[in-house]
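Structure record follows, encoded as structure tokens.
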Amino acid sequence: MAHLPSNSPAATVIPAPSEPAEFPALTLRQRLLGTLVLALPVLFIYGPAFHGAWLWDDAYEIAANPILRDSSALPAIWRGVGAYDYYPLKTTIEWVLWRCWVNQPLAWHLANVALQILSAMLLWQLLRKLRLPCAWFGALVFAVHPLAIESVAWIAEFKSTVSMPFALLAFGAYVDYEATGRPAAWVRAFGWFVAAVLCKSAVIMLPVAFAVYGWWRHPRGSLRRRALALAPFFAAAFALGLVTIAFQHGRAIGAQGVPVGDWPTRIARAGLALAFYGGKLLWPLNLMPIYPRWPVAPPAWWMFLPWVGLAVGTLVLARTQQSWSRGLLAGGAMAAALLLPILGFVAMPYMEIGWVADHYAYPALPVFAALASGAAGLLWNRISPHRHGLLAWAAAIGLGLWVAYGQSYARIFRGPQAFWTYAYVQNPHSPMTENGVGKAYLSAGEPAEAIVHFRAALALDPGQINARTNLGLALQQLGRRDEAIRELRKAVHLAPDYTPSLIALGGVLFEAGDTDEARALFERAARIQPTLATADNDLGAVLARTGDLAGAAREFAAALKLDPTLTTARDNLERLQRAKSVVAH
């Protein structure tokens with residue numbers, strides 16, 4: 001470990017604020033070698049996902065997102081038109097990338113991996129700026145940590161990987177401001193912070209991390225000056241946080257709400273979630289896309305123990321007059337602050353699926369990597385020199401095991417079949433995994449097997465609209481039309497504005513010859529979601545059957561304008577034009 005590019009064997013884990021350890025500047029060769037060794041294991045880990053297909057809500061985010069195809073959509077993006085979250089900078093970057101490689105999953109996977117490597121490089125630079133020992137080792141921990149796999153291998157989590165470089169740049173600029181007091185550094189920090197939040201609001205607590213950093217590194221600094229400097233950051237965080245809550249509660253969650261429980265329940269669940277993330281950061285094994293939800297209503301007394309443990313640990317570290325304890329306390333406070341928005345105090349759409357998720361821990365991963373670099377430096381200095389080789393080998397073996405496990409886990413993100421089969425095996429009692437594996441069977445042409453899983457999902461949660469809609473589609477494929485119509489009507493009754501159910505019911509009724517109700521359903525879906533290309537295409541099919549060929553042509557053309565990749569609309573329009581040509585002759 002002594003030969004890692006940023007190592008300083010004489011450094012302590014947390015250098016004294018008044019006497020920071022100085023690192024020599026890296027040579028070009030060291031930078032290139034360090035970057036290469038950061039990038040290679042990342043490419044190895046995520047290689048299996050490069051040839052994967054769209055997963056889960058990848059289609060909503062990228063493949064079937066009409067706003068990415070609209071060349072004049074930038075104003076609508078920044079107004080938040082049709083979005084469940086207000087992430088306009090993230091969507092703008094996606095809008096630009098769409099013009100580079102359209103909807104090729106490989107390109108989007110490579111973009112996520114490139115952002116992970118970029119973040120690791122920026123973290124290396126930041127840890128050196130913080131004068132932490134083993135800075136390169138900390139960047140490597142971040143780069144290969146298995147808890148990052150969901151954020152990097154899942155295309156829909158582009159918002160996580162694209163926000164991370166902005167967050168790291170913001171922290172680095174704020175470190176410069178604390179050291180120099182230059183307004184230009186403050187402006188950079190504020191700009192990068194706003195950019196990070198406009199990509200994903202999970203980094204909204206970054207100003208708290210800035211404040212903790214100031215307390216740790218510059219304890220004798222002016223509190224008034226620091227408060228004035230951070231006030232705009234907190235104001236921006238508060239305003240953008242309100243926007244996020246308004247979007248999620250008004251659009252993503254809707255009127256049905258998410259059952260988060262009373263405050264004792266929320267506090268108990270948040271403590272358990274904090275303990276969960278701490279455990280996964282230290283021991284990132286047995287990862288899964290959807291974790292079982294803990295029964296916390298009403299909470300038992302032992303569910304509050306994580307908060308007791310946190311309080312005791314904080315008091316012990318605060319009373320320990322050592323530089324390492326102060327650093328550990330600062331790192332723990334930063335990680336807890338970054339995790340706070342996703343602990344369940346405020347309702348989030350994902351809480352319908354699970355209390356915790358790997359991608360929620362991604363913003364706190366650089367803090368864990370910083371603590372790892374500090375711990376490695378402390379251990380290096382505490383052991384005798386003849387054991388340095390043994391420590392380096394132990395670190396290499398440990399990270400090697402992470403890399404091997406990470407590549408194995410990344411394989412499940414290759415496509416729906418692998419993804420949902422793994423999720424179901426790990427968590428068979430979730431209505432989401434039952435529905436997901438059923439949908440994978442349905443896509444593979446096995447509707448009978450799919451029906452078993454859809455019914456199991458509904459037994460667990462009768463209000464699962466996705467599962468009921470998919471059940472109707474599976475029954476339709478088996479030729480059981482009456483049962484399909486009955487299930488789809490139940491789905492529409494339970495969620496009158498859920499467009500997939502409207503489209504599915506309209507399709508079955510259209511096949512049954514009921515063009516009037518089918519048309520009404522397709523028109524209703526188009527009104528609810530004007531950017532839904534399939535609604536226009538299906539409406540065009542109804543109009544063509546009823547003899548309104550001009551109207552059908554308009555609807556097919558409208559569907560293609562919304563989604564040029566919708567081959568059924570293109571085929572329908574071409575057939576219609578050929579039919580008109582035959583009639584004309």
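Labeling convention for the structure tokens: chains A, B, ... as they appear, residues from 1 per chain, ligands from 1 in order of appearance.
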Compile a residue-level contact table for range 256-322 of chain A against range 126-145 of chain A at a cut-off of 12 Å, reporting for every qualifying residue the shortest atom pair and its distance in Å to one decimal, with only C-alpha atoms counted, rows ordered by chain and ascending number, as JSON lines.
```
{"residue": "A:Lys280", "atom": "CA", "partner": "A:His145", "partner_atom": "CA", "distance": 10.0}
{"residue": "A:Leu281", "atom": "CA", "partner": "A:His145", "partner_atom": "CA", "distance": 8.2}
{"residue": "A:Leu282", "atom": "CA", "partner": "A:His145", "partner_atom": "CA", "distance": 9.8}
{"residue": "A:Trp283", "atom": "CA", "partner": "A:His145", "partner_atom": "CA", "distance": 9.9}
{"residue": "A:Pro284", "atom": "CA", "partner": "A:His145", "partner_atom": "CA", "distance": 7.6}
{"residue": "A:Leu285", "atom": "CA", "partner": "A:His145", "partner_atom": "CA", "distance": 10.4}
{"residue": "A:Leu287", "atom": "CA", "partner": "A:His145", "partner_atom": "CA", "distance": 11.7}
```
Write out, as a short mmCIF file (atom, residue, chain, number, x, y, z; two decimals), in the first residue's frame, the residues just selected, with all heavy atoms.
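As a result, result-v4.cif now contains:
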```
data_model
loop_
_atom_site.label_atom_id
_atom_site.label_comp_id
_atom_site.auth_asym_id
_atom_site.auth_seq_id
_atom_site.Cartn_x
_atom_site.Cartn_y
_atom_site.Cartn_z
N LYS A 280 -24.60 -2.73 5.44
CA LYS A 280 -24.30 -3.03 4.04
C LYS A 280 -23.05 -2.30 3.56
O LYS A 280 -22.32 -2.79 2.69
CB LYS A 280 -25.49 -2.66 3.15
CG LYS A 280 -26.70 -3.56 3.32
CD LYS A 280 -26.37 -5.00 2.96
CE LYS A 280 -27.59 -5.91 3.09
NZ LYS A 280 -27.27 -7.33 2.85
N LEU A 281 -22.79 -1.11 4.10
CA LEU A 281 -21.56 -0.41 3.74
C LEU A 281 -20.33 -1.19 4.23
O LEU A 281 -19.33 -1.29 3.52
CB LEU A 281 -21.56 1.00 4.33
CG LEU A 281 -22.45 2.02 3.61
CD1 LEU A 281 -22.62 3.27 4.47
CD2 LEU A 281 -21.88 2.39 2.24
N LEU A 282 -20.44 -1.77 5.43
CA LEU A 282 -19.33 -2.52 6.00
C LEU A 282 -19.23 -3.94 5.43
O LEU A 282 -18.14 -4.46 5.24
CB LEU A 282 -19.46 -2.59 7.53
CG LEU A 282 -19.22 -1.29 8.29
CD1 LEU A 282 -19.68 -1.43 9.73
CD2 LEU A 282 -17.74 -0.91 8.23
N TRP A 283 -20.38 -4.56 5.19
CA TRP A 283 -20.42 -5.96 4.76
C TRP A 283 -21.43 -6.10 3.61
O TRP A 283 -22.55 -6.54 3.79
CB TRP A 283 -20.82 -6.86 5.94
CG TRP A 283 -20.65 -8.32 5.72
CD1 TRP A 283 -21.64 -9.24 5.47
CD2 TRP A 283 -19.43 -9.06 5.73
NE1 TRP A 283 -21.12 -10.50 5.33
CE2 TRP A 283 -19.75 -10.43 5.50
CE3 TRP A 283 -18.08 -8.71 5.93
CZ2 TRP A 283 -18.78 -11.42 5.44
CZ3 TRP A 283 -17.12 -9.72 5.87
CH2 TRP A 283 -17.48 -11.05 5.63
N PRO A 284 -21.03 -5.72 2.39
CA PRO A 284 -21.99 -5.62 1.27
C PRO A 284 -22.24 -6.95 0.57
O PRO A 284 -21.89 -7.15 -0.60
CB PRO A 284 -21.30 -4.63 0.33
CG PRO A 284 -19.84 -4.86 0.57
CD PRO A 284 -19.70 -5.22 2.03
N LEU A 285 -22.83 -7.88 1.29
CA LEU A 285 -23.18 -9.17 0.73
C LEU A 285 -24.68 -9.38 0.84
O LEU A 285 -25.38 -8.63 1.50
CB LEU A 285 -22.43 -10.29 1.45
CG LEU A 285 -20.88 -10.25 1.34
CD1 LEU A 285 -20.27 -11.39 2.13
CD2 LEU A 285 -20.42 -10.28 -0.10
N LEU A 287 -26.94 -8.87 -1.38
CA LEU A 287 -27.67 -7.73 -1.95
C LEU A 287 -28.83 -8.24 -2.78
O LEU A 287 -28.79 -9.34 -3.33
CB LEU A 287 -26.73 -6.88 -2.81
CG LEU A 287 -25.47 -6.34 -2.13
CD1 LEU A 287 -24.63 -5.55 -3.12
CD2 LEU A 287 -25.83 -5.49 -0.93
#
```
Need to verify the contact set: range 84-92 of chain A, 7 Å, only C-alpha atoms, exclusion of same-chain residues closer than 2 positions in sequence. Can you return it as a list in words?
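Surrounding residues, per the criterion: Leu74, Ile77, Trp78, Gly80, Gly82, Glu94, Trp95, Val96, Lys159, Ala195, Leu198, Cys199, Lys200, Thr244, Phe247, Gln248, Arg251 and Ala252 of chain A.
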Can those selected residues be exported to a file as a PDB file, in the first residue's frame so that it contains C-alpha atoms?
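Generated output (part.pdb):
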```pdb
ATOM      1  CA  LEU A  74     -36.107  21.747 -23.310  1.00  0.00           C
ATOM      2  CA  ILE A  77     -38.252  19.744 -19.244  1.00  0.00           C
ATOM      3  CA  TRP A  78     -37.380  22.744 -17.092  1.00  0.00           C
ATOM      4  CA  GLY A  80     -41.357  19.772 -15.149  1.00  0.00           C
ATOM      5  CA  GLY A  82     -45.118  15.182 -17.326  1.00  0.00           C
ATOM      6  CA  GLU A  94     -30.502  12.511 -21.155  1.00  0.00           C
ATOM      7  CA  TRP A  95     -32.142  14.610 -23.881  1.00  0.00           C
ATOM      8  CA  VAL A  96     -28.699  15.466 -25.278  1.00  0.00           C
ATOM      9  CA  LYS A 159     -29.845  10.175 -11.996  1.00  0.00           C
ATOM     10  CA  ALA A 195     -26.524  21.135 -10.363  1.00  0.00           C
ATOM     11  CA  LEU A 198     -31.251  19.220 -10.123  1.00  0.00           C
ATOM     12  CA  CYS A 199     -30.025  15.762 -11.132  1.00  0.00           C
ATOM     13  CA  LYS A 200     -31.238  13.978  -7.991  1.00  0.00           C
ATOM     14  CA  THR A 244     -39.419  17.436  -4.819  1.00  0.00           C
ATOM     15  CA  PHE A 247     -43.874  16.575  -7.371  1.00  0.00           C
ATOM     16  CA  GLN A 248     -43.746  13.206  -5.636  1.00  0.00           C
ATOM     17  CA  ARG A 251     -47.814  13.099  -9.224  1.00  0.00           C
ATOM     18  CA  ALA A 252     -45.885   9.969  -8.257  1.00  0.00           C
TER      19      ALA A 252
END
```
Selection near Ala569 in chain A, 8 Å with only C-alpha atoms, sequence-local residues under 3 positions removed, as a ChimeraX atom specification
/A:537,556-557,559-560,566,572-573
Of the candidates A:Gly436, A:Trp302, A:Leu329, A:Leu539, which shows the shortest atom-to-atom distance to Leu315 in chain A, using only C-alpha atoms?
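The closest residue to Leu315 in chain A is A:Leu329.
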Which residues are close to Gln426 in chain A, i.e. within 10 Å by only C-alpha atoms, leaving aside same-chain residues fewer than 2 positions away? Reply as a list in words.
Asn286, Leu287, Met288, Pro289, Ile290, Tyr291, Pro292, Trp420, Thr421, Tyr422, Ala423, Tyr424, Pro428, His429, Ser430 and Thr433 of chain A
Enumerate the residues of range 167-247 of chain A with a DSSP assignment of alpha helix (DSSP H), computed from the backbone, and present them as number ranges by chain.
A: 167-180, 183-197, 206-217, 223-247
CA of Gly52 in chain A to CA of Gly415 in chain A: how many Å, to one decimal?
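Interatomic distance, CA of Gly52 in chain A to CA of Gly415 in chain A: 5.2 Å.
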Shell of 9 Å around Ala335 in chain A, only C-alpha atoms, local chain residues under 2 positions omitted, as a short mmCIF file (atom, residue, chain, number, x, y, z; two decimals) with N, CA and C atoms, in the first residue's frame:
```cif
data_model
loop_
_atom_site.label_atom_id
_atom_site.label_comp_id
_atom_site.auth_asym_id
_atom_site.auth_seq_id
_atom_site.Cartn_x
_atom_site.Cartn_y
_atom_site.Cartn_z
N ALA A 209 -23.20 18.36 5.31
CA ALA A 209 -21.85 17.79 5.23
C ALA A 209 -20.80 18.90 5.17
N ALA A 330 -17.05 12.91 12.51
CA ALA A 330 -17.41 13.77 11.39
C ALA A 330 -17.93 12.94 10.21
N GLY A 331 -17.23 11.84 9.90
CA GLY A 331 -17.67 10.99 8.79
C GLY A 331 -19.03 10.37 9.04
N GLY A 332 -19.24 9.89 10.26
CA GLY A 332 -20.55 9.32 10.59
C GLY A 332 -21.66 10.33 10.49
N ALA A 333 -21.39 11.56 10.94
CA ALA A 333 -22.41 12.61 10.86
C ALA A 333 -22.72 12.95 9.41
N ALA A 337 -26.34 12.32 7.65
CA ALA A 337 -27.06 13.45 7.06
C ALA A 337 -27.45 13.16 5.62
N LEU A 338 -26.55 12.54 4.86
CA LEU A 338 -26.84 12.24 3.46
C LEU A 338 -27.91 11.16 3.33
N LEU A 339 -28.01 10.29 4.32
CA LEU A 339 -29.02 9.23 4.30
C LEU A 339 -30.37 9.70 4.84
N LEU A 340 -30.38 10.81 5.56
CA LEU A 340 -31.59 11.25 6.26
C LEU A 340 -32.83 11.37 5.36
N PRO A 363 -25.35 8.05 -2.36
CA PRO A 363 -24.76 9.35 -2.01
C PRO A 363 -23.83 9.31 -0.81
N ALA A 364 -24.02 8.35 0.09
CA ALA A 364 -23.18 8.24 1.29
C ALA A 364 -21.92 7.41 1.04
N LEU A 365 -21.83 6.79 -0.12
CA LEU A 365 -20.70 5.89 -0.38
C LEU A 365 -19.34 6.62 -0.37
N PRO A 366 -19.22 7.85 -0.91
CA PRO A 366 -17.93 8.54 -0.82
C PRO A 366 -17.48 8.79 0.61
N VAL A 367 -18.42 9.02 1.53
CA VAL A 367 -18.04 9.23 2.93
C VAL A 367 -17.46 7.94 3.50
N PHE A 368 -18.10 6.82 3.20
CA PHE A 368 -17.55 5.54 3.67
C PHE A 368 -16.17 5.30 3.08
#
```
Given only C-alpha atoms as the basis, pick out the residue of A:Ile267, A:Ala189, A:Ala184, A:Ile149 nearest to Phe166 in chain A.
A:Ala189
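With distances restricted to only C-alpha atoms, A:Leu562 is the closest residue to Asp70 in chain A from A:Val260, A:Leu43, A:Val212, A:Leu562.
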Glu449 in chain A environment, 10 Å, only C-alpha atoms, sequence neighbours closer than 3 positions dropped, as a ChimeraX atom specification
/A:437-442,445-446,452-454,474
